[in-house]
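Data from entry16.cif: mmCIF, C-alpha atoms, pLDDT in the B column; chains and numbers go by the auth columns
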```cif
data_protein
loop_
_atom_site.group_PDB
_atom_site.id
_atom_site.type_symbol
_atom_site.label_atom_id
_atom_site.label_comp_id
_atom_site.label_asym_id
_atom_site.label_seq_id
_atom_site.Cartn_x
_atom_site.Cartn_y
_atom_site.Cartn_z
_atom_site.B_iso_or_equiv
_atom_site.auth_seq_id
_atom_site.auth_asym_id
ATOM 1 C CA MET A 1 -125.843 -8.215 -3.257 77.00 1 A
ATOM 2 C CA ARG A 2 -122.458 -7.723 -1.614 78.00 2 A
ATOM 3 C CA GLN A 3 -121.126 -10.921 -3.194 81.00 3 A
ATOM 4 C CA ALA A 4 -122.287 -9.734 -6.632 81.00 4 A
ATOM 5 C CA LYS A 5 -120.348 -6.461 -6.211 80.00 5 A
ATOM 6 C CA ILE A 6 -117.244 -8.336 -5.134 83.00 6 A
ATOM 7 C CA SER A 7 -117.543 -10.690 -8.111 82.00 7 A
ATOM 8 C CA LEU A 8 -118.010 -7.745 -10.480 81.00 8 A
ATOM 9 C CA LEU A 9 -114.975 -5.892 -9.058 80.00 9 A
ATOM 10 C CA PHE A 10 -112.847 -9.036 -9.267 80.00 10 A
ATOM 11 C CA GLY A 11 -113.973 -9.595 -12.863 82.00 11 A
ATOM 12 C CA LEU A 12 -113.077 -6.013 -13.811 81.00 12 A
ATOM 13 C CA TRP A 13 -109.708 -6.222 -12.063 84.00 13 A
ATOM 14 C CA PHE A 14 -108.908 -9.543 -13.732 79.00 14 A
ATOM 15 C CA SER A 15 -109.941 -8.197 -17.170 83.00 15 A
ATOM 16 C CA LEU A 16 -107.721 -5.140 -16.753 79.00 16 A
ATOM 17 C CA ALA A 17 -104.784 -7.315 -15.679 78.00 17 A
ATOM 18 C CA VAL A 18 -105.178 -9.536 -18.747 76.00 18 A
ATOM 19 C CA LEU A 19 -105.514 -6.509 -21.026 75.00 19 A
ATOM 20 C CA ALA A 20 -102.386 -4.869 -19.549 74.00 20 A
ATOM 21 C CA THR A 21 -100.435 -8.095 -20.043 74.00 21 A
ATOM 22 C CA LEU A 22 -101.520 -8.386 -23.674 68.00 22 A
ATOM 23 C CA ILE A 23 -100.640 -4.768 -24.387 70.00 23 A
ATOM 24 C CA GLY A 24 -97.220 -5.338 -22.792 65.00 24 A
ATOM 25 C CA PHE A 25 -96.543 -8.232 -25.150 60.00 25 A
ATOM 26 C CA LEU A 26 -97.311 -6.011 -28.136 61.00 26 A
ATOM 27 C CA PHE A 27 -94.523 -3.606 -27.179 59.00 27 A
ATOM 28 C CA ILE A 28 -91.856 -6.183 -26.324 56.00 28 A
ATOM 29 C CA GLU A 29 -90.042 -8.013 -29.076 50.00 29 A
ATOM 30 C CA ARG A 30 -89.821 -11.713 -28.376 50.00 30 A
ATOM 31 C CA ASP A 31 -86.041 -12.004 -28.541 47.00 31 A
ATOM 32 C CA GLY A 32 -85.359 -8.761 -26.646 48.00 32 A
ATOM 33 C CA TRP A 33 -83.536 -7.137 -29.569 47.00 33 A
ATOM 34 C CA GLU A 34 -84.290 -3.700 -30.907 53.00 34 A
ATOM 35 C CA THR A 35 -84.583 -3.684 -34.683 56.00 35 A
ATOM 36 C CA LEU A 36 -83.203 -0.628 -36.455 63.00 36 A
ATOM 37 C CA ALA A 37 -83.199 0.185 -40.147 74.00 37 A
ATOM 38 C CA MET A 38 -79.680 1.276 -41.042 81.00 38 A
ATOM 39 C CA LYS A 39 -78.084 3.006 -44.002 86.00 39 A
ATOM 40 C CA GLU A 40 -74.451 3.113 -44.996 90.00 40 A
ATOM 41 C CA ILE A 41 -72.680 6.475 -45.143 92.00 41 A
ATOM 42 C CA LEU A 42 -69.210 7.566 -46.146 94.00 42 A
ATOM 43 C CA VAL A 43 -67.375 9.720 -43.585 95.00 43 A
ATOM 44 C CA LYS A 44 -66.298 13.095 -45.006 95.00 44 A
ATOM 45 C CA GLN A 45 -63.487 15.385 -43.889 96.00 45 A
ATOM 46 C CA GLY A 46 -64.521 17.125 -40.663 94.00 46 A
ATOM 47 C CA ASP A 47 -67.292 14.645 -39.769 95.00 47 A
ATOM 48 C CA THR A 48 -67.583 13.629 -36.141 95.00 48 A
ATOM 49 C CA LEU A 49 -69.868 11.073 -34.556 95.00 49 A
ATOM 50 C CA TRP A 50 -71.796 13.976 -33.040 95.00 50 A
ATOM 51 C CA SER A 51 -72.307 15.729 -36.395 95.00 51 A
ATOM 52 C CA ILE A 52 -73.309 12.470 -38.090 94.00 52 A
ATOM 53 C CA ALA A 53 -75.753 11.641 -35.271 91.00 53 A
ATOM 54 C CA ALA A 54 -77.290 15.127 -35.373 91.00 54 A
ATOM 55 C CA ARG A 55 -77.645 14.967 -39.169 90.00 55 A
ATOM 56 C CA THR A 56 -79.089 11.445 -39.415 87.00 56 A
ATOM 57 C CA ALA A 57 -81.440 11.573 -36.394 84.00 57 A
ATOM 58 C CA PRO A 58 -82.129 15.218 -35.509 84.00 58 A
ATOM 59 C CA GLU A 59 -85.149 14.382 -33.312 82.00 59 A
ATOM 60 C CA THR A 60 -83.116 12.065 -31.043 82.00 60 A
ATOM 61 C CA ASP A 61 -80.495 12.787 -28.393 86.00 61 A
ATOM 62 C CA PRO A 62 -77.196 12.499 -30.330 89.00 62 A
ATOM 63 C CA ARG A 63 -75.691 10.423 -27.507 90.00 63 A
ATOM 64 C CA VAL A 64 -78.258 7.687 -28.153 87.00 64 A
ATOM 65 C CA THR A 65 -77.501 7.666 -31.884 88.00 65 A
ATOM 66 C CA ILE A 66 -73.740 7.724 -31.252 91.00 66 A
ATOM 67 C CA ASP A 67 -74.086 4.723 -28.934 89.00 67 A
ATOM 68 C CA ARG A 68 -75.932 2.828 -31.665 87.00 68 A
ATOM 69 C CA ILE A 69 -73.368 3.782 -34.335 91.00 69 A
ATOM 70 C CA VAL A 70 -70.479 2.676 -32.109 92.00 70 A
ATOM 71 C CA GLN A 71 -72.195 -0.599 -31.212 88.00 71 A
ATOM 72 C CA VAL A 72 -73.359 -1.540 -34.715 88.00 72 A
ATOM 73 C CA ASN A 73 -70.036 -0.692 -36.368 92.00 73 A
ATOM 74 C CA GLY A 74 -67.899 -2.210 -33.602 91.00 74 A
ATOM 75 C CA LEU A 75 -65.922 0.998 -33.180 92.00 75 A
ATOM 76 C CA THR A 76 -63.112 0.882 -30.632 92.00 76 A
ATOM 77 C CA THR A 77 -62.289 4.580 -30.959 89.00 77 A
ATOM 78 C CA LEU A 78 -64.383 7.680 -31.511 89.00 78 A
ATOM 79 C CA ASN A 79 -61.949 9.013 -34.120 92.00 79 A
ATOM 80 C CA LEU A 80 -63.230 8.820 -37.691 94.00 80 A
ATOM 81 C CA ARG A 81 -61.278 8.788 -40.947 94.00 81 A
ATOM 82 C CA PRO A 82 -62.480 10.362 -44.215 95.00 82 A
ATOM 83 C CA GLY A 83 -63.605 7.554 -46.500 95.00 83 A
ATOM 84 C CA GLN A 84 -64.586 5.296 -43.602 95.00 84 A
ATOM 85 C CA ARG A 85 -67.930 3.541 -44.107 94.00 85 A
ATOM 86 C CA LEU A 86 -70.414 3.517 -41.222 93.00 86 A
ATOM 87 C CA PHE A 87 -73.889 2.119 -40.744 91.00 87 A
ATOM 88 C CA VAL A 88 -76.156 4.710 -39.115 88.00 88 A
ATOM 89 C CA PRO A 89 -79.842 4.600 -38.096 79.00 89 A
ATOM 90 C CA ARG A 90 -82.109 5.478 -41.022 69.00 90 A
ATOM 91 C CA MET A 91 -84.642 6.938 -38.606 58.00 91 A
ATOM 92 C CA ALA A 92 -84.490 7.073 -34.855 46.00 92 A
ATOM 93 C CA PRO A 93 -87.301 5.518 -32.845 49.00 93 A
ATOM 94 C CA ARG A 94 -88.818 7.902 -30.345 48.00 94 A
ATOM 95 C CA GLY A 95 -88.491 7.237 -26.640 45.00 95 A
ATOM 96 C CA PHE A 96 -85.712 4.647 -26.758 47.00 96 A
ATOM 97 C CA GLU A 97 -82.859 4.912 -24.308 43.00 97 A
ATOM 98 C CA LEU A 98 -79.366 3.668 -25.041 43.00 98 A
ATOM 99 C CA ALA A 99 -79.529 0.519 -27.103 44.00 99 A
ATOM 100 C CA ARG A 100 -78.404 -2.608 -25.348 45.00 100 A
ATOM 101 C CA ASN A 101 -78.863 -5.196 -28.074 48.00 101 A
ATOM 102 C CA VAL A 102 -79.343 -4.124 -31.655 51.00 102 A
ATOM 103 C CA LYS A 103 -80.322 -6.295 -34.601 53.00 103 A
ATOM 104 C CA VAL A 104 -79.530 -4.383 -37.764 54.00 104 A
ATOM 105 C CA VAL A 105 -81.576 -4.302 -40.943 53.00 105 A
ATOM 106 C CA LYS A 106 -79.141 -2.837 -43.448 54.00 106 A
ATOM 107 C CA GLU A 107 -80.569 -0.735 -46.267 51.00 107 A
ATOM 108 C CA ARG A 108 -78.698 1.049 -49.014 49.00 108 A
#
```

Any chance you could give the structure as structure tokens?
Amino acid sequence: MRQAKISLLFGLWFSLAVLATLIGFLFIERDGWETLAMKEILVKQGDTLWSIAARTAPETDPRVTIDRIVQVNGLTTLNLRPGQRLFVPRMAPRGFELARNVKVVKER
């Protein structure tokens, strides 16, 4: 009787471990890159990275969106020029922290 309980508990534990591992694989992309749909915008007079981030992804912390814009566009300065073209996130994924590696899917 005791051995049957131990076997049952081990079987349940093992099943939960396998299930947790499978669920983990569903949420991790194989190459470790975050895929973002991007759109191209034209910077207008008075635009800042903060205003663009707040406008394009209002439900996300602007600092996260700014980090993505800087990384994707290879910006070396935070100063923008009217007429400058930038790729910005089309929609911001919820719950993501600062992007480390971004693979861009550009949409127009």

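Checking A:Ala4, A:Leu9, A:Val88, A:Met38 one by one against Arg55 (chain A), counting all atoms listed in the file, you find the shortest gap at A:Val88.
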
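The gap separating CA of Leu8 (chain A) from CA of Ala20 (chain A) is 18.3 Å, in Å to one decimal.
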
Evaluate the PyMOL selection byres ((chain A and resi 43-54) around 12) on the structure here and hand back the selected residues as a ChimeraX atom specification.
/A:40-42,55-70,73,75,77-92

File dump, residues just selected, C-alpha atoms, as a PDB file, keeping the file's coordinate frame:
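Full text of result21.pdb as output:
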```
ATOM      1  CA  GLU A  40     -74.451   3.113 -44.996  1.00 90.00           C
ATOM      2  CA  ILE A  41     -72.680   6.475 -45.143  1.00 92.00           C
ATOM      3  CA  LEU A  42     -69.210   7.566 -46.146  1.00 94.00           C
ATOM      4  CA  ARG A  55     -77.645  14.967 -39.169  1.00 90.00           C
ATOM      5  CA  THR A  56     -79.089  11.445 -39.415  1.00 87.00           C
ATOM      6  CA  ALA A  57     -81.440  11.573 -36.394  1.00 84.00           C
ATOM      7  CA  PRO A  58     -82.129  15.218 -35.509  1.00 84.00           C
ATOM      8  CA  GLU A  59     -85.149  14.382 -33.312  1.00 82.00           C
ATOM      9  CA  THR A  60     -83.116  12.065 -31.043  1.00 82.00           C
ATOM     10  CA  ASP A  61     -80.495  12.787 -28.393  1.00 86.00           C
ATOM     11  CA  PRO A  62     -77.196  12.499 -30.330  1.00 89.00           C
ATOM     12  CA  ARG A  63     -75.691  10.423 -27.507  1.00 90.00           C
ATOM     13  CA  VAL A  64     -78.258   7.687 -28.153  1.00 87.00           C
ATOM     14  CA  THR A  65     -77.501   7.666 -31.884  1.00 88.00           C
ATOM     15  CA  ILE A  66     -73.740   7.724 -31.252  1.00 91.00           C
ATOM     16  CA  ASP A  67     -74.086   4.723 -28.934  1.00 89.00           C
ATOM     17  CA  ARG A  68     -75.932   2.828 -31.665  1.00 87.00           C
ATOM     18  CA  ILE A  69     -73.368   3.782 -34.335  1.00 91.00           C
ATOM     19  CA  VAL A  70     -70.479   2.676 -32.109  1.00 92.00           C
ATOM     20  CA  ASN A  73     -70.036  -0.692 -36.368  1.00 92.00           C
ATOM     21  CA  LEU A  75     -65.922   0.998 -33.180  1.00 92.00           C
ATOM     22  CA  THR A  77     -62.289   4.580 -30.959  1.00 89.00           C
ATOM     23  CA  LEU A  78     -64.383   7.680 -31.511  1.00 89.00           C
ATOM     24  CA  ASN A  79     -61.949   9.013 -34.120  1.00 92.00           C
ATOM     25  CA  LEU A  80     -63.230   8.820 -37.691  1.00 94.00           C
ATOM     26  CA  ARG A  81     -61.278   8.788 -40.947  1.00 94.00           C
ATOM     27  CA  PRO A  82     -62.480  10.362 -44.215  1.00 95.00           C
ATOM     28  CA  GLY A  83     -63.605   7.554 -46.500  1.00 95.00           C
ATOM     29  CA  GLN A  84     -64.586   5.296 -43.602  1.00 95.00           C
ATOM     30  CA  ARG A  85     -67.930   3.541 -44.107  1.00 94.00           C
ATOM     31  CA  LEU A  86     -70.414   3.517 -41.222  1.00 93.00           C
ATOM     32  CA  PHE A  87     -73.889   2.119 -40.744  1.00 91.00           C
ATOM     33  CA  VAL A  88     -76.156   4.710 -39.115  1.00 88.00           C
ATOM     34  CA  PRO A  89     -79.842   4.600 -38.096  1.00 79.00           C
ATOM     35  CA  ARG A  90     -82.109   5.478 -41.022  1.00 69.00           C
ATOM     36  CA  MET A  91     -84.642   6.938 -38.606  1.00 58.00           C
ATOM     37  CA  ALA A  92     -84.490   7.073 -34.855  1.00 46.00           C
TER      38      ALA A  92
END
```

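Between CA of Val72 (chain A) and CA of Lys39 (chain A) lies a distance of 11.4 Å.
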